[in-house]
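Notes to accompany the following structure.
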Amino acid sequence: MSSKRPVKRSSKKPRNPSFIQSWLLRHAQVSLASLGRMFRAPIATLMTSTVIGIAVCMPAGMWVILDNLKQLSGSLDGAASISVFIKQEATPKQVLELHSRYSELPEVSETQLISSDDALMEFRQFSGFSRALDILDENPLPAVIVVTPTTAFSTAKQAPLLAKKLEQDPLVDFAQLDLEWVKRFHAITDIALRAVIILASVLGLAVLLIIGNTIRLEIQNRHDEIAITKLIGTTNAFIRRPFLYAGFWFGLLGGITAWLLVSISLWLLAGPISTLTGLYQTDFRLDLLGFAATLLLVFGSALLGLLGARIAVGRHLDAIEPE
Amino acid sequence: MIRFDNVSKRYPGGHEGLAGVSFHMEAGEMAFLTGHSGAGKSTLLKLIGLLERPTRGQIMVDSRNLGKLPSRKIPYHRRKIGMIFQDHRLLHDRTVFDNVALPLVVAGFSREEIARRVRAALDKVSLLNKEKAYPITLSGGEQQRVGIARAVVSKPPVVVADEPTGNLDPGLSREIMNLFEDFNQVGVTLLIATHDIGLISSMNKRVITLDKGQLSGDLR
């Protein structure tokens, strides 16, 4: 019985939407209205979002290139090798045992034994000191085991640890890691990454200013309207809202433009790059922007837009008072 | 409903808009505010709508002490004051309907409620047939009536008008005044600034006179 009452009441009067419903509805209306206002001035909107797009696409594009370089450096890491120099007092049998022990290590993909005799022969052949070597009573060259780590242990971080481990053996004089140029390569990509971050910060600031300025002009254009609505009892939050949405939309459109620019550029680069890598006989493939990176690009840009609008609105809206 | 207690307003630069003005209006009262240009009529109305704050004295409106009202509460105060201006202050890129609807939109009324109330207000000022028109296509008198509809659409207890008939011919002015009398009859407190002495004398209402920022007459 008691459940009948509310039903009766709601059928009489249209049900009042809840606070959250009406709040969401109002936001949806304002956001669409801001978008509509932008589309009514398509040229201006296109220009602003393209400028934002260009600013955003530069660090994004550089980041993609860097990401690809890192992929390239991953294949270079495989070239890292550790030369393990054996102590002179080790017998040939001990050296052979050590060699087989190394080749069974899980971190190691390949080993090559250069006995002291082999080394001497090679040295004779290539150094031009053959006569000088004849004077010596015994072979001064140590036996060497060249260890190639697996890919996982080829990184600039893991390879030195492996070299240290190999050095632990009492038969080993020292282990030399041929990683210097890989390290240099990493150092260069680190610098490039830092440069991308700096560029992204500077251009992010530019986006903030571009959107801030656009919103400032928009506020100026609508100065009278804002003054009149304040007269009627409009809260600052209410006046702010369409401008914040405008900033968000500008940022979003700019992000999409940036994504397009990066994608088109990569597409244009893909051909020549595959020709080049073909010449080096590597199976390098140019990676495009991934899903996560795309989301980050577009919504990061939108967020920047919102922030830029917020700054502009905070500075200029409160200054408008009705007379 | 409206109480001024020794209120002064001094503008930066030393110009005195109001000097020690005190008066009281009961709820449901209708009064004219008159005086020469620069006597302080507009200043007084602006103080009621908190477009400006007094330098001295106390103002009570609808039992709110305006001196103690923080800035963030000003919008909510203005929603309870209908303000009418000589230059109408309409939004020219919106229709008559949207202009009148604005106070209700701001206050968060539902769409149906807004439509109902806007039509009622437009009907009251005889502009129901112009709801889709833009203000620029209307005559001065019609624009003023749109402004009036906007001021009363949310049923504020207090309405203030600054020279509402300033640009209108006597016939139209009379019509506007009749409208105000109708609002007054349903309990709205009205304070109307005007220097149209002829019009005032024919209305038989309280007249508050300002002279150089000071109260120089209060005839009931």
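Following the order of the structure tokens, first chain is A, next is B, and so on, with residues numbered from 1 inside each chain and ligands from 1 in the order they appear.
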
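Look at Lys230 of chain A: the protein and nucleic acid residues within 10 Å of it, using only C-alpha atoms and passing over chain neighbours fewer than 2 places away, are Asp224, Glu225, Ile226, Ala227, Ile228, Ile232, Gly233, Thr234, Thr235, Asn236, Phe238, Ile239, Ile320, Glu321 and Pro322 of chain A; Leu51, Ile74, Pro75, Arg78, Arg79 and Val106 of chain B.
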
Serialized selection, C-alpha atoms, as a CSV table (one decimal), in the first residue's frame:
```csv
chain,number,residue,atom,x,y,z
A,224,ASP,CA,29.6,43.4,-22.1
A,225,GLU,CA,27.8,40.1,-22.0
A,226,ILE,CA,29.9,39.1,-18.9
A,227,ALA,CA,29.1,42.4,-17.2
A,228,ILE,CA,25.4,41.9,-17.9
A,232,ILE,CA,21.8,39.2,-13.0
A,233,GLY,CA,23.5,37.3,-10.2
A,234,THR,CA,25.7,34.9,-12.2
A,235,THR,CA,28.4,33.3,-10.1
A,236,ASN,CA,32.0,33.4,-11.3
A,238,PHE,CA,29.0,29.9,-14.1
A,239,ILE,CA,30.8,32.6,-16.2
A,320,ILE,CA,35.0,42.6,-15.1
A,321,GLU,CA,32.4,44.2,-12.9
A,322,PRO,CA,29.1,45.7,-14.0
B,51,LEU,CA,27.5,47.0,-7.8
B,74,ILE,CA,27.0,38.9,-4.1
B,75,PRO,CA,25.6,36.8,-7.0
B,78,ARG,CA,21.6,40.1,-6.9
B,79,ARG,CA,19.3,37.2,-7.8
B,106,VAL,CA,21.7,31.0,-13.9
```

Could you write out as a PyMOL selection string the residues of chain B within 10 Å of chain A, counting only C-alpha atoms?
-> chain B and resi 42+46+49-52+72-83+88-93+99+102-110+112+150-151

With only C-alpha atoms as the basis for distance, which of A:Val64, A:Val56, A:Leu113, A:Val147 is at the shortest distance from Ser83 of chain A?
->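 Checking each candidate against Ser83 of chain A, we get A:Val147 as the closest.
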
So which one's closest to Arg10 of chain B, B:Ile59, B:Glu131, B:Ile208, B:Gly213? Using only C-alpha atoms, please.
->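 Looking only at the distances to Arg10 of chain B, the closest residue turns out to be B:Gly213.
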
10 Å contact set for Leu219 of chain B, only C-alpha atoms, chain neighbours under 6 positions out, as a PDB file with C-alpha atoms, in the first residue's frame:
```
ATOM      1  CA  ALA B  31       8.820  54.946  -4.142  1.00  0.00           C
ATOM      2  CA  PHE B  32      10.424  57.327  -6.618  1.00  0.00           C
ATOM      3  CA  ASN B 204       0.732  59.749  -5.954  1.00  0.00           C
ATOM      4  CA  LYS B 205       3.581  57.711  -4.438  1.00  0.00           C
ATOM      5  CA  ARG B 206       6.373  58.357  -1.978  1.00  0.00           C
ATOM      6  CA  VAL B 207       9.122  60.574  -3.429  1.00  0.00           C
ATOM      7  CA  ILE B 208      12.661  60.558  -2.069  1.00  0.00           C
ATOM      8  CA  THR B 209      14.703  63.502  -3.320  1.00  0.00           C
TER       9      THR B 209
END
```

List every residue of segment 105-189 of chain A that DSSP, applied to the backbone of this structure, assigns to strand (DSSP E), and report them as a short mmCIF file (atom, residue, chain, number, x, y, z; two decimals) with N, CA and C atoms, in the first residue's frame.
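The resulting selection10.cif:
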```cif
data_model
loop_
_atom_site.label_atom_id
_atom_site.label_comp_id
_atom_site.auth_asym_id
_atom_site.auth_seq_id
_atom_site.Cartn_x
_atom_site.Cartn_y
_atom_site.Cartn_z
N VAL A 108 74.94 -16.27 -20.73
CA VAL A 108 75.87 -16.22 -21.86
C VAL A 108 75.24 -16.87 -23.08
N SER A 109 75.34 -16.20 -24.20
CA SER A 109 74.79 -16.81 -25.41
C SER A 109 75.89 -17.47 -26.25
N GLU A 110 77.11 -16.95 -26.15
CA GLU A 110 78.17 -17.48 -27.03
C GLU A 110 79.51 -17.26 -26.36
N THR A 111 80.43 -18.19 -26.56
CA THR A 111 81.79 -17.99 -26.05
C THR A 111 82.77 -18.40 -27.15
N GLN A 112 83.94 -17.74 -27.08
CA GLN A 112 84.98 -18.09 -28.05
C GLN A 112 86.30 -18.11 -27.31
N LEU A 113 87.02 -19.25 -27.41
CA LEU A 113 88.30 -19.38 -26.71
C LEU A 113 89.43 -19.01 -27.65
N ILE A 114 90.27 -18.07 -27.22
CA ILE A 114 91.50 -17.77 -27.97
C ILE A 114 92.66 -18.18 -27.06
N VAL A 144 92.49 -15.87 -23.88
CA VAL A 144 91.33 -14.98 -23.76
C VAL A 144 90.06 -15.76 -24.09
N ILE A 145 89.04 -15.58 -23.27
CA ILE A 145 87.72 -16.13 -23.63
C ILE A 145 86.80 -14.93 -23.93
N VAL A 146 86.30 -14.88 -25.16
CA VAL A 146 85.39 -13.79 -25.52
C VAL A 146 83.96 -14.26 -25.26
N VAL A 147 83.29 -13.57 -24.33
CA VAL A 147 81.94 -13.97 -23.92
C VAL A 147 80.92 -12.99 -24.51
N THR A 148 79.95 -13.53 -25.22
CA THR A 148 78.84 -12.69 -25.70
C THR A 148 77.62 -12.97 -24.83
N PRO A 149 77.15 -11.96 -24.09
CA PRO A 149 76.00 -12.20 -23.22
C PRO A 149 74.71 -12.33 -24.02
N VAL A 172 90.94 -16.04 -13.50
CA VAL A 172 90.78 -14.87 -14.37
C VAL A 172 91.63 -13.70 -13.88
N ASP A 173 92.39 -13.12 -14.80
CA ASP A 173 93.18 -11.92 -14.47
C ASP A 173 92.23 -10.72 -14.39
N PHE A 174 91.58 -10.42 -15.50
CA PHE A 174 90.53 -9.40 -15.51
C PHE A 174 89.62 -9.59 -16.72
N ALA A 175 88.41 -8.99 -16.61
CA ALA A 175 87.44 -9.08 -17.71
C ALA A 175 87.20 -7.67 -18.25
N GLN A 176 87.36 -7.55 -19.56
CA GLN A 176 87.16 -6.23 -20.16
C GLN A 176 85.87 -6.20 -20.96
N LEU A 177 85.07 -5.20 -20.62
CA LEU A 177 83.78 -5.06 -21.30
C LEU A 177 83.95 -4.10 -22.47
#
```

Give the helix (DSSP H, G or I) residues of segment 68-144 of chain B, as assigned by DSSP on the backbone, as a VMD selection string.
-> chain B and resid 68 71 to 78 96 to 107 111 to 124 128 to 130 135 to 137 140 to 144

For Trp259 of chain A, list every protein, DNA or RNA residue within 8 Å, evaluated using only C-alpha atoms, and leave out those in the same chain fewer than 2 positions away; present the list as a list in words.
-> Gly53, Cys57, Gly255, Ile256, Thr257, Leu261, Val262, Ser263, Thr294, Leu297 and Val298 of chain A

Could you take the residues named above and write them with N, CA and C atoms, as a PDB file, in the first residue's frame?
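Final file, part-v8.pdb:
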```pdb
ATOM      1  N   GLY A  53      48.678  22.536 -32.379  1.00  0.00           N
ATOM      2  CA  GLY A  53      49.109  21.247 -32.923  1.00  0.00           C
ATOM      3  C   GLY A  53      50.579  21.244 -33.285  1.00  0.00           C
ATOM      4  N   CYS A  57      53.253  18.921 -31.632  1.00  0.00           N
ATOM      5  CA  CYS A  57      53.777  17.830 -32.466  1.00  0.00           C
ATOM      6  C   CYS A  57      55.299  17.782 -32.444  1.00  0.00           C
ATOM      7  N   GLY A 255      45.694  18.739 -29.929  1.00  0.00           N
ATOM      8  CA  GLY A 255      46.289  17.420 -29.725  1.00  0.00           C
ATOM      9  C   GLY A 255      46.030  16.506 -30.915  1.00  0.00           C
ATOM     10  N   ILE A 256      44.797  16.561 -31.416  1.00  0.00           N
ATOM     11  CA  ILE A 256      44.449  15.723 -32.572  1.00  0.00           C
ATOM     12  C   ILE A 256      45.250  16.177 -33.791  1.00  0.00           C
ATOM     13  N   THR A 257      45.366  17.518 -33.962  1.00  0.00           N
ATOM     14  CA  THR A 257      46.165  18.045 -35.068  1.00  0.00           C
ATOM     15  C   THR A 257      47.610  17.564 -34.948  1.00  0.00           C
ATOM     16  N   LEU A 261      49.801  15.405 -37.557  1.00  0.00           N
ATOM     17  CA  LEU A 261      51.077  15.879 -38.103  1.00  0.00           C
ATOM     18  C   LEU A 261      52.181  14.844 -37.882  1.00  0.00           C
ATOM     19  N   VAL A 262      52.234  14.281 -36.668  1.00  0.00           N
ATOM     20  CA  VAL A 262      53.268  13.283 -36.361  1.00  0.00           C
ATOM     21  C   VAL A 262      53.080  12.048 -37.238  1.00  0.00           C
ATOM     22  N   SER A 263      51.823  11.607 -37.338  1.00  0.00           N
ATOM     23  CA  SER A 263      51.563  10.388 -38.110  1.00  0.00           C
ATOM     24  C   SER A 263      51.919  10.568 -39.576  1.00  0.00           C
ATOM     25  N   THR A 294      49.253   8.055 -27.945  1.00  0.00           N
ATOM     26  CA  THR A 294      48.247   8.903 -28.605  1.00  0.00           C
ATOM     27  C   THR A 294      47.308   9.513 -27.574  1.00  0.00           C
ATOM     28  N   LEU A 297      49.092  12.159 -25.696  1.00  0.00           N
ATOM     29  CA  LEU A 297      49.279  13.344 -26.535  1.00  0.00           C
ATOM     30  C   LEU A 297      48.007  14.185 -26.591  1.00  0.00           C
ATOM     31  N   VAL A 298      46.887  13.522 -26.917  1.00  0.00           N
ATOM     32  CA  VAL A 298      45.635  14.251 -27.136  1.00  0.00           C
ATOM     33  C   VAL A 298      45.098  14.824 -25.822  1.00  0.00           C
TER      34      VAL A 298
END
```

Got a sec: who's within 8 Å of Thr55 of chain B, counting only C-alpha atoms, leaving out chain neighbours fewer than 6 positions off, as an MDAnalysis selection string?
-> chainID B and resid 7:10

Near segment 175-189 of chain B, within 10 Å and counting only C-alpha atoms, which residues show up once chain neighbours fewer than 3 positions away are dropped, as a ChimeraX atom specification?
-> /B:1-2,25-31,62,81-82,124-125,141,144-145,148,152,155-161,164-165,168,170-172,192,199-200,203

If we count only C-alpha atoms and set the cut-off at 9 Å, which residues sit around Leu252 of chain A, ignoring sequence neighbours fewer than 4 positions away in its own chain? Please answer as a PDB file with C-alpha atoms, in the first residue's frame.
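The resulting file, selection_14.pdb, is shown below:
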```pdb
ATOM      1  CA  SER A  49      44.281  24.554 -33.028  1.00  0.00           C
ATOM      2  CA  GLY A 247      40.245  25.943 -23.571  1.00  0.00           C
ATOM      3  CA  PHE A 248      39.716  22.205 -23.219  1.00  0.00           C
ATOM      4  CA  ILE A 256      44.449  15.723 -32.572  1.00  0.00           C
ATOM      5  CA  THR A 257      46.165  18.045 -35.068  1.00  0.00           C
ATOM      6  CA  VAL A 298      45.635  14.251 -27.136  1.00  0.00           C
ATOM      7  CA  PHE A 299      44.481  14.465 -23.532  1.00  0.00           C
ATOM      8  CA  GLY A 300      47.726  16.021 -22.316  1.00  0.00           C
ATOM      9  CA  SER A 301      47.133  18.756 -24.856  1.00  0.00           C
ATOM     10  CA  ALA A 302      43.500  19.099 -23.773  1.00  0.00           C
ATOM     11  CA  LEU A 303      44.625  19.388 -20.162  1.00  0.00           C
ATOM     12  CA  GLY A 305      44.263  23.902 -22.844  1.00  0.00           C
TER      13      GLY A 305
END
```

Out of B:Thr43, B:Thr95, B:Gln86, B:Thr194, which residue has the shortest atom-to-atom distance to Glu16 of chain B when counting only C-alpha atoms?
->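 So, comparing all the options, the nearest one is B:Thr43.
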
Between atom CA of Leu286 of chain A and atom CA of Ile65 of chain A, what is the distance, to one decimal in Å?
->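 One can read the atom CA of Leu286 of chain A to atom CA of Ile65 of chain A distance as 8.5 Å.
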